[in-house]
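Structure data (mmCIF, C-alpha atoms) from my_file_1.cif:
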```cif
data_input
loop_
_atom_site.group_PDB
_atom_site.id
_atom_site.type_symbol
_atom_site.label_atom_id
_atom_site.label_comp_id
_atom_site.auth_asym_id
_atom_site.auth_seq_id
_atom_site.Cartn_x
_atom_site.Cartn_y
_atom_site.Cartn_z
ATOM 1 C CA MET A 1 -92.235 -15.266 -57.853
ATOM 2 C CA SER A 2 -95.009 -17.810 -57.382
ATOM 3 C CA MET A 3 -94.406 -20.684 -54.969
ATOM 4 C CA THR A 4 -97.402 -22.673 -56.242
ATOM 5 C CA LYS A 5 -95.397 -25.681 -57.431
ATOM 6 C CA HIS A 6 -93.512 -25.914 -54.162
ATOM 7 C CA ILE A 7 -96.507 -26.195 -51.808
ATOM 8 C CA LEU A 8 -96.322 -29.478 -49.891
ATOM 9 C CA ALA A 9 -99.313 -29.133 -47.572
ATOM 10 C CA LEU A 10 -101.702 -26.681 -45.972
ATOM 11 C CA ALA A 11 -102.588 -26.483 -42.265
ATOM 12 C CA VAL A 12 -105.383 -24.674 -40.448
ATOM 13 C CA ASP A 13 -105.484 -24.266 -36.652
ATOM 14 C CA GLY A 14 -108.548 -22.395 -35.444
ATOM 15 C CA GLY A 15 -110.024 -21.819 -32.012
ATOM 16 C CA GLY A 16 -112.124 -19.422 -29.998
ATOM 17 C CA THR A 17 -109.452 -16.698 -30.098
ATOM 18 C CA ARG A 18 -107.856 -16.905 -33.535
ATOM 19 C CA CYS A 19 -107.431 -18.922 -36.720
ATOM 20 C CA ARG A 20 -104.025 -19.519 -38.292
ATOM 21 C CA VAL A 21 -103.572 -20.765 -41.841
ATOM 22 C CA ALA A 22 -100.150 -21.993 -42.981
ATOM 23 C CA ALA A 23 -98.627 -23.352 -46.159
ATOM 24 C CA ARG A 24 -95.588 -25.584 -45.877
ATOM 25 C CA THR A 25 -93.251 -25.365 -48.863
ATOM 26 C CA LYS A 26 -89.893 -26.957 -49.542
ATOM 27 C CA ALA A 27 -88.182 -23.776 -48.364
ATOM 28 C CA LYS A 28 -90.269 -22.484 -45.456
ATOM 29 C CA THR A 29 -93.639 -22.174 -43.722
ATOM 30 C CA VAL A 30 -95.795 -19.144 -44.543
ATOM 31 C CA THR A 31 -98.470 -18.225 -41.982
ATOM 32 C CA VAL A 32 -101.337 -15.746 -41.691
ATOM 33 C CA GLU A 33 -103.783 -15.135 -38.846
ATOM 34 C CA THR A 34 -107.463 -14.202 -38.771
ATOM 35 C CA GLY A 35 -110.202 -14.149 -36.120
ATOM 36 C CA SER A 36 -112.115 -16.686 -34.030
ATOM 37 C CA ALA A 37 -113.103 -19.948 -35.747
ATOM 38 C CA ASN A 38 -115.309 -22.203 -33.624
ATOM 39 C CA VAL A 39 -117.666 -24.269 -35.777
ATOM 40 C CA CYS A 40 -119.885 -25.175 -32.841
ATOM 41 C CA THR A 41 -120.680 -21.644 -31.696
ATOM 42 C CA ASP A 42 -120.643 -19.955 -35.141
ATOM 43 C CA PHE A 43 -120.256 -22.290 -38.108
ATOM 44 C CA GLU A 44 -120.621 -19.658 -40.833
ATOM 45 C CA ASN A 45 -118.101 -17.332 -39.244
ATOM 46 C CA ALA A 46 -115.585 -20.170 -38.864
ATOM 47 C CA VAL A 47 -115.883 -20.970 -42.571
ATOM 48 C CA CYS A 48 -115.522 -17.261 -43.351
ATOM 49 C CA GLU A 49 -112.362 -16.929 -41.248
ATOM 50 C CA VAL A 50 -110.729 -19.914 -42.939
ATOM 51 C CA GLY A 51 -111.638 -18.383 -46.310
ATOM 52 C CA ARG A 52 -110.168 -15.040 -45.293
ATOM 53 C CA GLY A 53 -107.015 -16.821 -44.202
ATOM 54 C CA LEU A 54 -106.703 -18.596 -47.546
ATOM 55 C CA GLU A 55 -107.074 -15.337 -49.436
ATOM 56 C CA ALA A 56 -104.494 -13.570 -47.274
ATOM 57 C CA LEU A 57 -102.095 -16.494 -47.609
ATOM 58 C CA ALA A 58 -102.504 -16.571 -51.389
ATOM 59 C CA GLU A 59 -101.754 -12.865 -51.571
ATOM 60 C CA ARG A 60 -98.662 -13.225 -49.407
ATOM 61 C CA MET A 61 -97.391 -16.160 -51.477
ATOM 62 C CA ALA A 62 -98.300 -14.564 -54.825
ATOM 63 C CA CYS A 63 -100.297 -17.576 -55.948
ATOM 64 C CA PRO A 64 -103.976 -18.276 -56.747
ATOM 65 C CA VAL A 65 -106.322 -19.324 -53.951
ATOM 66 C CA GLY A 66 -107.146 -22.386 -56.068
ATOM 67 C CA ALA A 67 -103.534 -23.539 -55.873
ATOM 68 C CA LEU A 68 -103.695 -23.510 -52.085
ATOM 69 C CA ALA A 69 -107.054 -25.283 -52.072
ATOM 70 C CA ALA A 70 -105.570 -28.041 -54.246
ATOM 71 C CA ALA A 71 -102.822 -28.853 -51.737
ATOM 72 C CA PRO A 72 -103.386 -31.637 -49.165
ATOM 73 C CA ALA A 73 -104.804 -29.932 -46.095
ATOM 74 C CA PHE A 74 -105.299 -30.634 -42.422
ATOM 75 C CA VAL A 75 -107.974 -28.482 -40.802
ATOM 76 C CA GLY A 76 -108.235 -28.455 -37.017
ATOM 77 C CA LEU A 77 -111.026 -26.226 -35.733
ATOM 78 C CA ALA A 78 -112.612 -25.835 -32.325
ATOM 79 C CA GLY A 79 -116.051 -27.387 -32.058
ATOM 80 C CA VAL A 80 -115.639 -30.288 -34.495
ATOM 81 C CA THR A 81 -117.170 -32.699 -32.009
ATOM 82 C CA CYS A 82 -118.744 -35.199 -34.402
ATOM 83 C CA GLU A 83 -118.493 -36.598 -37.933
ATOM 84 C CA THR A 84 -121.633 -34.721 -38.980
ATOM 85 C CA LEU A 85 -119.979 -31.358 -38.293
ATOM 86 C CA ALA A 86 -116.784 -32.518 -39.980
ATOM 87 C CA ASN A 87 -118.729 -33.457 -43.119
ATOM 88 C CA GLN A 88 -120.593 -30.139 -43.134
ATOM 89 C CA LEU A 89 -117.286 -28.339 -42.866
ATOM 90 C CA ARG A 90 -115.779 -30.473 -45.628
ATOM 91 C CA ASP A 91 -118.633 -29.448 -47.936
ATOM 92 C CA ALA A 92 -118.344 -25.769 -47.001
ATOM 93 C CA LEU A 93 -114.575 -25.410 -47.472
ATOM 94 C CA PRO A 94 -112.840 -25.257 -50.888
ATOM 95 C CA PHE A 95 -110.159 -27.893 -50.235
ATOM 96 C CA GLN A 96 -109.922 -30.789 -52.684
ATOM 97 C CA ASN A 97 -108.149 -33.164 -50.293
ATOM 98 C CA VAL A 98 -108.736 -32.423 -46.633
ATOM 99 C CA ARG A 99 -108.605 -34.131 -43.258
ATOM 100 C CA ILE A 100 -110.743 -32.434 -40.603
ATOM 101 C CA ALA A 101 -110.510 -32.773 -36.828
ATOM 102 C CA ASP A 102 -111.087 -30.910 -33.589
ATOM 103 C CA ASP A 103 -108.333 -28.377 -32.838
ATOM 104 C CA ARG A 104 -107.305 -30.411 -29.777
ATOM 105 C CA VAL A 105 -105.655 -33.032 -31.991
ATOM 106 C CA ALA A 106 -103.210 -30.500 -33.430
ATOM 107 C CA ALA A 107 -102.524 -29.115 -29.958
ATOM 108 C CA VAL A 108 -101.578 -32.584 -28.690
ATOM 109 C CA ARG A 109 -99.323 -33.321 -31.660
ATOM 110 C CA GLY A 110 -97.702 -29.913 -31.297
ATOM 111 C CA ALA A 111 -97.006 -30.411 -27.595
ATOM 112 C CA LEU A 112 -95.798 -34.027 -27.664
ATOM 113 C CA GLY A 113 -94.514 -34.460 -31.200
ATOM 114 C CA LEU A 114 -94.344 -38.229 -31.725
ATOM 115 C CA ARG A 115 -93.671 -39.002 -28.055
ATOM 116 C CA ASP A 116 -96.040 -41.018 -25.927
ATOM 117 C CA GLY A 117 -97.435 -38.869 -23.149
ATOM 118 C CA VAL A 118 -100.353 -36.854 -21.837
ATOM 119 C CA VAL A 119 -101.422 -33.231 -22.137
ATOM 120 C CA ALA A 120 -103.411 -31.039 -19.781
ATOM 121 C CA HIS A 121 -104.324 -27.939 -21.735
ATOM 122 C CA CYS A 122 -105.591 -25.098 -19.564
ATOM 123 C CA GLY A 123 -106.183 -21.925 -21.519
ATOM 124 C CA THR A 124 -109.480 -20.054 -21.556
ATOM 125 C CA GLY A 125 -110.992 -23.543 -21.749
ATOM 126 C CA SER A 126 -109.439 -26.901 -20.880
ATOM 127 C CA PHE A 127 -109.075 -30.475 -22.063
ATOM 128 C CA TYR A 128 -106.961 -33.565 -21.408
ATOM 129 C CA ALA A 129 -105.369 -35.934 -23.890
ATOM 130 C CA ALA A 130 -103.156 -38.993 -24.149
ATOM 131 C CA GLN A 131 -100.988 -40.023 -27.093
ATOM 132 C CA VAL A 132 -99.777 -43.616 -27.229
ATOM 133 C CA GLY A 133 -98.230 -45.139 -30.329
ATOM 134 C CA GLY A 134 -99.465 -42.194 -32.377
ATOM 135 C CA ALA A 135 -103.105 -42.706 -31.341
ATOM 136 C CA ILE A 136 -104.703 -39.772 -29.532
ATOM 137 C CA ARG A 137 -107.454 -40.065 -26.932
ATOM 138 C CA LEU A 138 -109.256 -36.918 -25.746
ATOM 139 C CA ALA A 139 -111.242 -36.056 -22.629
ATOM 140 C CA GLY A 140 -112.907 -32.919 -21.314
ATOM 141 C CA GLY A 141 -113.222 -29.745 -23.333
ATOM 142 C CA TRP A 142 -116.998 -29.568 -22.914
ATOM 143 C CA GLY A 143 -117.124 -25.793 -22.543
ATOM 144 C CA PRO A 144 -117.608 -23.291 -19.721
ATOM 145 C CA VAL A 145 -121.099 -24.433 -18.693
ATOM 146 C CA LEU A 146 -120.555 -28.191 -18.478
ATOM 147 C CA GLY A 147 -116.798 -28.523 -18.140
ATOM 148 C CA ASP A 148 -113.470 -26.720 -18.633
ATOM 149 C CA GLU A 149 -112.317 -27.481 -15.082
ATOM 150 C CA ALA A 150 -108.941 -25.935 -14.205
ATOM 151 C CA SER A 151 -109.185 -23.545 -17.156
ATOM 152 C CA ALA A 152 -108.519 -19.823 -16.823
ATOM 153 C CA GLN A 153 -112.234 -19.048 -16.985
ATOM 154 C CA TRP A 154 -112.889 -21.662 -14.289
ATOM 155 C CA VAL A 155 -110.203 -20.110 -12.079
ATOM 156 C CA GLY A 156 -111.587 -16.594 -12.534
ATOM 157 C CA ARG A 157 -115.168 -17.677 -11.965
ATOM 158 C CA THR A 158 -114.230 -19.696 -8.863
ATOM 159 C CA ALA A 159 -112.362 -16.716 -7.412
ATOM 160 C CA LEU A 160 -115.473 -14.586 -7.777
ATOM 161 C CA GLN A 161 -117.616 -17.282 -6.186
ATOM 162 C CA MET A 162 -115.295 -17.406 -3.188
ATOM 163 C CA ALA A 163 -115.274 -13.629 -2.898
ATOM 164 C CA LEU A 164 -119.071 -13.764 -2.599
ATOM 165 C CA GLU A 165 -118.780 -16.493 0.036
ATOM 166 C CA THR A 166 -116.573 -14.208 2.126
ATOM 167 C CA GLU A 167 -119.145 -11.447 1.760
ATOM 168 C CA ASP A 168 -121.819 -13.463 3.521
ATOM 169 C CA GLY A 169 -119.507 -15.075 6.063
ATOM 170 C CA ARG A 170 -119.233 -18.605 4.697
ATOM 171 C CA ARG A 171 -115.486 -18.220 4.223
ATOM 172 C CA ASP A 172 -112.801 -16.080 5.832
ATOM 173 C CA ALA A 173 -111.682 -13.250 3.576
ATOM 174 C CA SER A 174 -108.212 -13.129 2.044
ATOM 175 C CA THR A 175 -106.206 -10.381 0.389
ATOM 176 C CA MET A 176 -107.354 -11.631 -3.017
ATOM 177 C CA THR A 177 -111.078 -11.752 -2.216
ATOM 178 C CA THR A 178 -110.906 -8.298 -0.652
ATOM 179 C CA ARG A 179 -109.198 -7.039 -3.806
ATOM 180 C CA LEU A 180 -111.919 -8.547 -6.005
ATOM 181 C CA LEU A 181 -114.725 -7.008 -3.960
ATOM 182 C CA ASN A 182 -112.979 -3.642 -4.175
ATOM 183 C CA ASP A 183 -112.294 -3.940 -7.900
ATOM 184 C CA PHE A 184 -115.952 -4.676 -8.630
ATOM 185 C CA GLU A 185 -117.032 -2.120 -5.979
ATOM 186 C CA ASP A 186 -119.155 -4.633 -4.065
ATOM 187 C CA ALA A 187 -120.835 -8.042 -4.253
ATOM 188 C CA ALA A 188 -123.563 -6.660 -6.492
ATOM 189 C CA GLY A 189 -120.882 -5.539 -8.954
ATOM 190 C CA ILE A 190 -119.514 -9.086 -9.122
ATOM 191 C CA VAL A 191 -122.999 -10.445 -9.787
ATOM 192 C CA ARG A 192 -123.614 -7.887 -12.553
ATOM 193 C CA PHE A 193 -120.283 -8.723 -14.173
ATOM 194 C CA ALA A 194 -120.848 -12.487 -14.005
ATOM 195 C CA ALA A 195 -124.309 -12.219 -15.543
ATOM 196 C CA GLU A 196 -122.894 -11.092 -18.882
ATOM 197 C CA ALA A 197 -119.181 -12.008 -18.808
ATOM 198 C CA ARG A 198 -117.721 -14.108 -21.609
ATOM 199 C CA PRO A 199 -115.330 -16.969 -20.785
ATOM 200 C CA SER A 200 -112.396 -14.814 -21.850
ATOM 201 C CA GLU A 201 -113.452 -12.113 -19.380
ATOM 202 C CA PHE A 202 -113.551 -14.612 -16.526
ATOM 203 C CA GLY A 203 -110.207 -15.926 -17.760
ATOM 204 C CA ALA A 204 -108.702 -12.437 -17.587
ATOM 205 C CA LEU A 205 -108.964 -12.717 -13.794
ATOM 206 C CA ALA A 206 -106.771 -15.835 -13.647
ATOM 207 C CA PRO A 207 -103.435 -13.939 -13.465
ATOM 208 C CA LEU A 208 -104.709 -12.222 -10.309
ATOM 209 C CA VAL A 209 -105.280 -15.653 -8.772
ATOM 210 C CA THR A 210 -101.898 -17.106 -9.785
ATOM 211 C CA ASP A 211 -100.135 -13.961 -8.558
ATOM 212 C CA HIS A 212 -101.831 -14.109 -5.147
ATOM 213 C CA ALA A 213 -101.189 -17.859 -4.938
ATOM 214 C CA MET A 214 -97.465 -17.136 -5.280
ATOM 215 C CA ARG A 215 -97.856 -14.692 -2.382
ATOM 216 C CA GLU A 216 -99.374 -17.506 -0.309
ATOM 217 C CA ASP A 217 -102.917 -16.142 -0.333
ATOM 218 C CA SER A 218 -104.924 -18.981 1.236
ATOM 219 C CA ILE A 219 -107.943 -18.801 -1.081
ATOM 220 C CA ALA A 220 -105.874 -18.374 -4.242
ATOM 221 C CA GLN A 221 -103.806 -21.418 -3.284
ATOM 222 C CA HIS A 222 -106.986 -23.362 -2.535
ATOM 223 C CA ILE A 223 -108.241 -22.639 -6.067
ATOM 224 C CA MET A 224 -104.943 -23.729 -7.603
ATOM 225 C CA ARG A 225 -104.954 -26.950 -5.573
ATOM 226 C CA GLN A 226 -108.510 -27.655 -6.744
ATOM 227 C CA GLY A 227 -107.443 -27.128 -10.343
ATOM 228 C CA ALA A 228 -104.431 -29.404 -9.888
ATOM 229 C CA GLU A 229 -106.716 -32.086 -8.476
ATOM 230 C CA GLU A 230 -108.896 -31.844 -11.591
ATOM 231 C CA ILE A 231 -105.814 -32.185 -13.787
ATOM 232 C CA ALA A 232 -104.618 -35.229 -11.854
ATOM 233 C CA ARG A 233 -108.068 -36.808 -12.097
ATOM 234 C CA GLY A 234 -108.257 -36.127 -15.832
ATOM 235 C CA LEU A 235 -104.797 -37.530 -16.574
ATOM 236 C CA HIS A 236 -105.297 -40.630 -14.439
ATOM 237 C CA SER A 237 -108.570 -41.305 -16.275
ATOM 238 C CA LEU A 238 -106.554 -41.413 -19.511
ATOM 239 C CA GLY A 239 -104.201 -44.032 -18.094
ATOM 240 C CA TRP A 240 -101.224 -41.880 -17.160
ATOM 241 C CA HIS A 241 -98.491 -43.825 -15.359
ATOM 242 C CA PRO A 242 -95.287 -42.678 -13.624
ATOM 243 C CA GLY A 243 -92.527 -41.816 -16.052
ATOM 244 C CA GLN A 244 -94.885 -40.935 -18.886
ATOM 245 C CA ALA A 245 -94.345 -37.380 -20.143
ATOM 246 C CA ILE A 246 -96.817 -34.692 -19.024
ATOM 247 C CA CYS A 247 -97.171 -31.402 -20.903
ATOM 248 C CA LEU A 248 -99.059 -28.566 -19.210
ATOM 249 C CA THR A 249 -100.098 -26.145 -21.938
ATOM 250 C CA GLY A 250 -102.231 -23.035 -22.263
ATOM 251 C CA GLY A 251 -101.798 -19.745 -20.462
ATOM 252 C CA ILE A 252 -102.474 -21.055 -16.963
ATOM 253 C CA GLY A 253 -101.448 -24.702 -17.420
ATOM 254 C CA PRO A 254 -97.793 -24.384 -16.322
ATOM 255 C CA HIS A 255 -98.866 -22.530 -13.153
ATOM 256 C CA TYR A 256 -100.312 -25.803 -11.810
ATOM 257 C CA THR A 257 -96.949 -27.588 -11.743
ATOM 258 C CA ALA A 258 -96.178 -26.763 -8.115
ATOM 259 C CA TYR A 259 -99.612 -27.961 -6.976
ATOM 260 C CA LEU A 260 -99.569 -31.390 -8.615
ATOM 261 C CA PRO A 261 -98.843 -34.560 -6.620
ATOM 262 C CA GLU A 262 -95.117 -35.355 -6.607
ATOM 263 C CA ALA A 263 -95.409 -38.317 -8.996
ATOM 264 C CA LEU A 264 -97.057 -36.157 -11.651
ATOM 265 C CA ARG A 265 -94.856 -33.138 -10.999
ATOM 266 C CA ALA A 266 -91.723 -35.210 -11.604
ATOM 267 C CA SER A 267 -92.961 -36.111 -15.086
ATOM 268 C CA VAL A 268 -93.799 -32.599 -16.281
ATOM 269 C CA THR A 269 -91.812 -31.733 -19.388
ATOM 270 C CA ASP A 270 -91.607 -28.832 -21.825
ATOM 271 C CA ARG A 271 -93.791 -28.992 -24.911
ATOM 272 C CA GLU A 272 -92.084 -29.521 -28.258
ATOM 273 C CA GLY A 273 -94.060 -26.902 -30.164
ATOM 274 C CA GLU A 274 -97.270 -24.955 -30.724
ATOM 275 C CA PRO A 275 -100.656 -26.229 -31.965
ATOM 276 C CA LEU A 276 -99.883 -24.863 -35.423
ATOM 277 C CA ASP A 277 -96.714 -26.976 -35.476
ATOM 278 C CA GLY A 278 -98.924 -29.976 -34.770
ATOM 279 C CA ALA A 279 -101.348 -29.019 -37.536
ATOM 280 C CA ILE A 280 -98.474 -28.711 -40.007
ATOM 281 C CA ALA A 281 -97.069 -32.106 -38.983
ATOM 282 C CA LEU A 282 -100.509 -33.691 -39.451
ATOM 283 C CA ALA A 283 -100.912 -31.982 -42.824
ATOM 284 C CA LEU A 284 -97.560 -33.342 -44.005
ATOM 285 C CA ALA A 285 -98.467 -36.828 -42.765
ATOM 286 C CA PHE A 286 -101.766 -36.628 -44.669
ATOM 287 C CA ALA A 287 -99.935 -35.479 -47.811
ATOM 288 C CA GLN A 288 -97.569 -38.457 -47.504
ATOM 289 C CA GLU A 289 -100.511 -40.859 -47.164
ATOM 290 C CA LEU A 290 -102.035 -39.481 -50.352
ATOM 291 C CA ALA A 291 -98.714 -39.768 -52.167
ATOM 292 C CA ASN A 292 -98.338 -43.394 -51.056
ATOM 293 C CA GLU A 293 -101.839 -44.207 -52.291
ATOM 294 C CA ARG A 294 -101.073 -42.766 -55.714
ATOM 295 C CA SER A 295 -97.700 -44.470 -56.134
#
```

Representation of the structure as structure tokens:
Amino acid sequence: MSMTKHILALAVDGGGTRCRVAARTKAKTVTVETGSANVCTDFENAVCEVGRGLEALAERMACPVGALAAAPAFVGLAGVTCETLANQLRDALPFQNVRIADDRVAAVRGALGLRDGVVAHCGTGSFYAAQVGGAIRLAGGWGPVLGDEASAQWVGRTALQMALETEDGRRDASTMTTRLLNDFEDAAGIVRFAAEARPSEFGALAPLVTDHAMREDSIAQHIMRQGAEEIARGLHSLGWHPGQAICLTGGIGPHYTAYLPEALRASVTDREGEPLDGAIALALAFAQELANERS
């Protein structure tokens, strides 16, 4: 049976790894997942992935795509760094009433809910954010070339750099750097890998670093301390103060807890939900705004 009349809002959460499209109805939330959707690195593909998600969602809900497109929608996609891109995306997507933002906004709302606090998100990439009185301020997230400090790709890349430093005697070797040189056969193998590796491939090395840090490997712990220092610097720049909630999100984010200064560590708290939860909450808030305007 069609659920068209019961759709309250539509939410899209898309990043460099996947895109999730969800419809919130009176009874439940229906979700589908497609591929990468970063409008900065591949605008056309991002639009295509959102479209594929809409079609899959319509099929699952047994309703026309047009019915979904007519619902109030919040779209949070990686790479929406300016109003120009947001407007281009608005023109390219089929939604009749849509609010568009960078995917970081949904991630912050998902982690903190309505609480005041700060977020250090360290996945493949990284960013920092503060939410105060419902207003969100963002910092970082400038990508693997110019930013993404403390991210998984940064950790993996830094580990390889330090392995090369041990090769030419600028740093004493550790169990981890010896392992890396063996895994890549030699220093030349590391250089060949790094020349073509994607951020996700660097990031795949991060678990090796966190594992060796737990075993008290000196270089692995040094990398984790460096990352924690970047997190502390980023959160302080956003005005964090003692007692304000801190959420460490992303695959490697929680691993930094033990390396943070005591004042920050004491304020670390569990996140309330996922980025998609944040996107849904923002979609429902947008739908309520539209309803208030019409009443």

Sorted by chain and rising residue number, list the residues of segment 219-257 of chain A at most 10 Å from segment 131-140 of chain A (counting only C-alpha atoms), each with its closest atom pair and distance in Å to one decimal, as CSV.
```
residue,atom,partner,partner_atom,distance
A:Gly234,CA,A:Ala139,CA,7.4
A:Leu235,CA,A:Ala139,CA,9.0
A:Ser237,CA,A:Ala139,CA,8.7
A:Leu238,CA,A:Arg137,CA,7.6
A:Ala245,CA,A:Gln131,CA,10.0
```

The selected residues should be written to file as a PDB file, in the frame of the given file (atoms: C-alpha atoms).
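Below is the file that was written, out-v8.pdb:
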```
ATOM      1  CA  GLY A 234    -108.257 -36.127 -15.832  1.00  0.00           C
ATOM      2  CA  LEU A 235    -104.797 -37.530 -16.574  1.00  0.00           C
ATOM      3  CA  SER A 237    -108.570 -41.305 -16.275  1.00  0.00           C
ATOM      4  CA  LEU A 238    -106.554 -41.413 -19.511  1.00  0.00           C
ATOM      5  CA  ALA A 245     -94.345 -37.380 -20.143  1.00  0.00           C
TER       6      ALA A 245
END
```

Atom-to-atom span, atom CA of Arg233 of chain A and atom CA of His121 of chain A, Å: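 Answer for the atom CA of Arg233 of chain A to atom CA of His121 of chain A separation: 13.6 Å.
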
Selection dump of the PyMOL selection byres ((chain A and resi 209) around 8), as number ranges by chain: A: 155-156, 159, 176, 205-208, 210-213, 220

Export of prior selection with C-alpha atoms as a PDB file, in the coordinates of the input:
```
ATOM      1  CA  VAL A 155    -110.203 -20.110 -12.079  1.00  0.00           C
ATOM      2  CA  GLY A 156    -111.587 -16.594 -12.534  1.00  0.00           C
ATOM      3  CA  ALA A 159    -112.362 -16.716  -7.412  1.00  0.00           C
ATOM      4  CA  MET A 176    -107.354 -11.631  -3.017  1.00  0.00           C
ATOM      5  CA  LEU A 205    -108.964 -12.717 -13.794  1.00  0.00           C
ATOM      6  CA  ALA A 206    -106.771 -15.835 -13.647  1.00  0.00           C
ATOM      7  CA  PRO A 207    -103.435 -13.939 -13.465  1.00  0.00           C
ATOM      8  CA  LEU A 208    -104.709 -12.222 -10.309  1.00  0.00           C
ATOM      9  CA  THR A 210    -101.898 -17.106  -9.785  1.00  0.00           C
ATOM     10  CA  ASP A 211    -100.135 -13.961  -8.558  1.00  0.00           C
ATOM     11  CA  HIS A 212    -101.831 -14.109  -5.147  1.00  0.00           C
ATOM     12  CA  ALA A 213    -101.189 -17.859  -4.938  1.00  0.00           C
ATOM     13  CA  ALA A 220    -105.874 -18.374  -4.242  1.00  0.00           C
TER      14      ALA A 220
END
```

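Against the coordinates shown, the PyMOL selection byres ((chain A and resi 20-35) around 7) returns A:His6, A:Ile7, A:Leu8, A:Ala9, A:Leu10, A:Ala11, A:Val12, A:Asp13, A:Gly14, A:Thr17, A:Arg18, A:Cys19, A:Ser36, A:Ala37, A:Glu49, A:Gly53, A:Leu54, A:Ala56, A:Leu57.
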
Contacts of segment 264-275 of chain A at 9 Å (only C-alpha atoms; same-chain gap of 2+ positions) as number ranges by chain: A: 13, 103-113, 232, 240-249, 257-262, 277-280

Between atom CA of Arg171 of chain A and atom CA of Asp183 of chain A - distance in Å to one decimal: 19.0 Å

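Picture a line from atom CA of Ala69 of chain A to atom CA of Arg294 of chain A; it runs 18.8 Å.
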
Selected residue of minimal separation from Phe193 of chain A among A:Met61, A:Leu284, A:Ala70, A:Leu160, counting all atoms listed in the file: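 Closest residue, counting all atoms listed in the file: A:Leu160.
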
Among the residues A:Pro94, A:Gly169, A:Gln88, A:Ala287, the one that comes closest to Ala67 of chain A [using all atoms listed in the file]: A:Pro94
